[in-house]
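Enquirer: Here it is, the structure, as structure tokens.
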Amino acid sequence: MILILLLAAIIILGGLFILWLPQYLTYRKYLMKYPGPRFIPIIGNMHHFATGTGLVPSLMSAKKKYGDIVYCMFPFSQKLFLMGIKPVGCLLGSTTILEKPDTYTYFHSWLGMGLLTASGARWKQSRKLLTPAFHFKILGKFIDIFEKQSNILNSILEKFDGKEVDIAPFITLCALDVICEATMNTPVNAQFASNSEYVSSVKEMCAIVFRRFHNPLKRWNTFYKFSKDYQKERRALNILHEYSNSVINKRREELRESKLHHSFMSEDEIGIRKKMVFLDLLLDSEIDGKPLPHNMIREEVDTFMFEGHDTSTSAISFTLYCLSRNLEIQEKVLTELRNIVPDDKSLTYDDLQKMKYLELVTKESLRLYPPVPLFARMTSENVDFDGTTLPKGTSLIVFAYGLHRCPKIYPNPDLFDPDRFNPVNSQTRSPYAYVPFSAGPRNCIGQRFAMLEVKAIVANVVRKFRLLEVIGHEPKLTIDAVLRSKNGLPIRIQKRN
């Protein structure tokens with residue numbers, strides 16, 4: 001029996017080695033020039049990189065030891081981590097390296113081929129269709145949504161006056177309400193019903209996808225389909241897709257009726273429709289003279305719902321956390337607010353545009369804590385990259401967190417200093433030194449929406465509460481597609497007079 005097991009192990013290892021050998025030969029031919037930790041045949045460098053709270057320190061250590069480009073081998077994949085302005089600029093400025101790597105396929109069951117996961121012709125088509133939805137004239141229509149949902153947030157936070165609270169879970173629900181209403185004009189009331197099926201399913205799917213990132217066995221569909229997560233995913237997807245489908249069908253019928261009776265619509269009804277530009281845009285769009293397929297519409301709606309709530313949660317939460325630890329800066333934000341608009345007046349689009357110091361604060365928070373600290377592209381063919389040839393299938397991963405903390409670009413990089421982004425200090429800085437929204441052809445299409453949302457919600461919270469530091473707390477950062485703090489982001493809330 002022991003001999004049989006030993007023989008089976010030898011055969012399996014031999015087979016894996018034969019499969020791995022072409023990867024090694026490709027490395028020898030193309031990638032050997034790049035420094036990186038020693039790898040072990042078959043498993044590569046998996047043992048060098050921790051998961052959870054150990055991942056950020058592991059990558060920062062690799063940057064310090066090996067420089068701006070670090071080579072790592074993983075089972076059946078070659079990866080280059082880019083952590084300096086020059087290599088990041090070469091990648092993000094490229095018009096040929098636009099594909100997403102295979103790890104993005106974990107989102108396909110939920111998001112299909114939406115803008116986040118699509119490549120090639122489908123991505124170009126979607127990008128062209130969706131760009132008009134983020135024109136500045138249209139973005140101004142969403143301010144009342146930011147205002148309404150942040151007022152609900154404030155009413156909830158009032159209950160914690162004088163107490164310590166982890167701000168992140170509350171921001172998550174607020175951001176989810178914002179993106180659902182802005183995308184589909186259908187509030188899910190997450191802040192009032194955090195245990196609703198839809199809200200719970202969003203959280204469940206995010207957790208499942210991120211667990212697949214960290215579990216080598218679950219990366220293969222054959223093994224994954226036998227896991228408990230696969231069954232949980234099926235249940236969550238039924239709820240999420242059923243909800244999206246019902247909203248799309250309802251809105252399609254409303255648009256059909258409004259076209260029949262447009263002349264009888266009130267100004268309020270027309271105003272509501274104008275706010276609903278994202279879904280309306282998809283429903284009104286055509287490809288080759290035909291309406292968009294229903295599944296394509298749902299994929300784009302689900303994509304914006306996912307991307308819009310998780311990244312905004314990270315950005316808003318860390319910005320409030322930074323302000324709680326920097327009271328002088330917080331007071332400057334409040335002074336600017338009160339100079340522009342009285343406390344008893346609602347914020348407008350023009351008000352937010354005038355808040356230049358709050359913009360600096362937001363940018364500095366995004367530098368220190370970029371919501372998407374890692375993002376990747378993959379070569380679809382052999383390509384020239386900074387004077388060398390990269391083979392087809394090479395993953396290029398931008399470590400934005402490490403780039404943003406480079407002392408050569410940002411002196412004293414761990415210090416929270418909004419003045420880094422004033423016009424004088426930033427005018428000579430490379431556009432690739434700061435990439436919280438990526439850059440180049442595949443930059444974040446919703447970045448102006450995101451900046452407005454962060455500024456609006458932060459402004460409304462700061463005008464209502466004094467945010468105080470919880471002494472002794474240091475965030476334990478973890479990367480689950482977005483940057484989070486494993487031990488929360490506690491803030492002491494104090495209502496302003």
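For the structure tokens, the naming scheme is as follows: chains receive sequential letters (A, B, ...) according to their order of presentation, residues are indexed from 1 within each chain, and ligands are indexed from 1 in presentation order.
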Contacts between stretch 456-472 of chain A and stretch 321-384 of chain A, please, where a residue of stretch 321-384 of chain A counts if it comes within 10 Å (with only C-alpha atoms); show its shortest atom pair and distance in Å to one decimal, rows by chain and ascending number, as a tab-separated table.
Expert:
residue	atom	partner	partner_atom	distance
A:Tyr321	CA	A:Glu469	CA	7.8
A:Cys322	CA	A:Glu469	CA	8.8
A:Leu323	CA	A:Leu467	CA	7.0
A:Ser324	CA	A:Leu468	CA	4.6
A:Arg325	CA	A:Glu469	CA	5.0
A:Asn326	CA	A:Glu469	CA	8.2
A:Leu327	CA	A:Leu468	CA	7.5
A:Gln330	CA	A:Val462	CA	7.7
A:Glu331	CA	A:Arg466	CA	9.0
A:Val333	CA	A:Ala459	CA	7.9
A:Leu334	CA	A:Arg463	CA	6.3
A:Thr335	CA	A:Arg463	CA	9.4
A:Glu336	CA	A:Ala459	CA	9.9
A:Leu337	CA	A:Ala459	CA	7.3
A:Arg338	CA	A:Arg463	CA	8.2
A:Pro342	CA	A:Arg463	CA	9.6
A:Asp343	CA	A:Arg463	CA	6.8
A:Asp344	CA	A:Arg463	CA	9.8
A:Ser346	CA	A:Asn460	CA	9.0
A:Leu347	CA	A:Ala456	CA	7.5
A:Thr348	CA	A:Ala456	CA	9.0
A:Tyr349	CA	A:Ala456	CA	9.0
A:Asp351	CA	A:Ala456	CA	9.5
A:Leu352	CA	A:Ala456	CA	6.9
A:Met355	CA	A:Ala459	CA	9.3
A:Leu358	CA	A:Ala459	CA	8.0
A:Thr362	CA	A:Val458	CA	9.0
Enquirer: Residues at most 8 Å from A:Thr313, counting only C-alpha atoms, excluding those fewer than 3 positions away in the same chain, as a VMD selection string?
Expert: chain A and resid 168 171 to 172 175 309 to 310 316 to 317
Enquirer: Output as CSV one row per residue of stretch 337-406 of chain A within 9 Å of stretch 425-442 of chain A: the closest atom pair and its distance in Å to one decimal place, counting only C-alpha atoms, sorted by chain and residue number ascending.
Expert:
residue,atom,partner,partner_atom,distance
A:Lys363,CA,A:Pro436,CA,8.7
A:Leu366,CA,A:Pro436,CA,6.2
A:Arg367,CA,A:Pro436,CA,6.8
A:Tyr369,CA,A:Pro436,CA,8.6
A:Pro370,CA,A:Pro436,CA,5.2
A:Pro371,CA,A:Pro436,CA,6.9
A:Val372,CA,A:Pro436,CA,6.8
A:Pro373,CA,A:Pro436,CA,7.6
A:Phe375,CA,A:Ser438,CA,8.1
A:Val398,CA,A:Ser438,CA,8.9
A:Ala400,CA,A:Val435,CA,6.5
A:Tyr401,CA,A:Pro436,CA,8.7
A:Leu403,CA,A:Ala433,CA,6.9
A:His404,CA,A:Tyr434,CA,6.4
Enquirer: Convert the current residue selection to file output with N, CA and C atoms, as a short mmCIF file (atom, residue, chain, number, x, y, z; two decimals), in the first residue's frame.
Expert:
data_model
loop_
_atom_site.label_atom_id
_atom_site.label_comp_id
_atom_site.auth_asym_id
_atom_site.auth_seq_id
_atom_site.Cartn_x
_atom_site.Cartn_y
_atom_site.Cartn_z
N LYS A 363 -7.32 63.49 -1.47
CA LYS A 363 -6.22 62.95 -2.28
C LYS A 363 -5.12 62.36 -1.40
N LEU A 366 -6.22 59.05 -0.09
CA LEU A 366 -6.14 58.04 -1.15
C LEU A 366 -4.70 57.66 -1.46
N ARG A 367 -3.77 58.58 -1.21
CA ARG A 367 -2.35 58.23 -1.38
C ARG A 367 -1.93 57.23 -0.32
N TYR A 369 -3.83 55.38 1.69
CA TYR A 369 -4.67 54.19 1.74
C TYR A 369 -5.47 54.04 0.44
N PRO A 370 -4.79 53.71 -0.67
CA PRO A 370 -5.51 53.56 -1.94
C PRO A 370 -6.52 52.41 -1.83
N PRO A 371 -7.79 52.65 -2.16
CA PRO A 371 -8.79 51.59 -2.02
C PRO A 371 -8.45 50.31 -2.78
N VAL A 372 -7.84 50.46 -3.95
CA VAL A 372 -7.40 49.29 -4.71
C VAL A 372 -5.87 49.32 -4.75
N PRO A 373 -5.23 48.72 -3.75
CA PRO A 373 -3.77 48.82 -3.63
C PRO A 373 -3.01 47.94 -4.61
N PHE A 375 -3.59 46.21 -8.57
CA PHE A 375 -4.41 45.94 -9.76
C PHE A 375 -3.49 45.49 -10.88
N VAL A 398 0.43 46.28 -10.45
CA VAL A 398 0.81 47.57 -9.87
C VAL A 398 0.52 47.53 -8.37
N ALA A 400 0.09 49.88 -5.88
CA ALA A 400 -0.11 51.31 -5.69
C ALA A 400 0.25 51.75 -4.28
N TYR A 401 -0.03 50.92 -3.29
CA TYR A 401 0.29 51.25 -1.90
C TYR A 401 1.78 51.52 -1.75
N LEU A 403 3.99 52.21 -4.22
CA LEU A 403 4.36 53.36 -5.05
C LEU A 403 4.08 54.66 -4.31
N HIS A 404 2.92 54.73 -3.65
CA HIS A 404 2.49 55.95 -2.96
C HIS A 404 3.31 56.24 -1.70
#
Enquirer: Take atom CA of A:Gly114 and atom CA of A:Leu483 and report the distance between them in Å, one decimal.
Expert: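 Atom CA of A:Gly114 sits 21.9 Å away from atom CA of A:Leu483.
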Enquirer: Which residues are near A:Ile479? Cut-off 8 Å, only C-alpha atoms, ignore same chain within fewer than 4 positions. Put them as a ChimeraX atom specification.
Expert: /A:52-53,55-56,373,483-484
Enquirer: Please save C-alpha atoms of the selected residues as a short mmCIF file (atom, residue, chain, number, x, y, z; two decimals), in the first residue's frame.
Expert:
data_model
loop_
_atom_site.label_atom_id
_atom_site.label_comp_id
_atom_site.auth_asym_id
_atom_site.auth_seq_id
_atom_site.Cartn_x
_atom_site.Cartn_y
_atom_site.Cartn_z
CA GLY A 52 -4.28 38.66 5.19
CA THR A 53 -2.48 41.26 7.30
CA LEU A 55 0.57 40.71 2.54
CA VAL A 56 1.26 44.46 2.66
CA PRO A 373 -3.77 48.82 -3.63
CA LEU A 483 -7.83 47.85 1.25
CA ARG A 484 -9.37 47.21 4.67
#
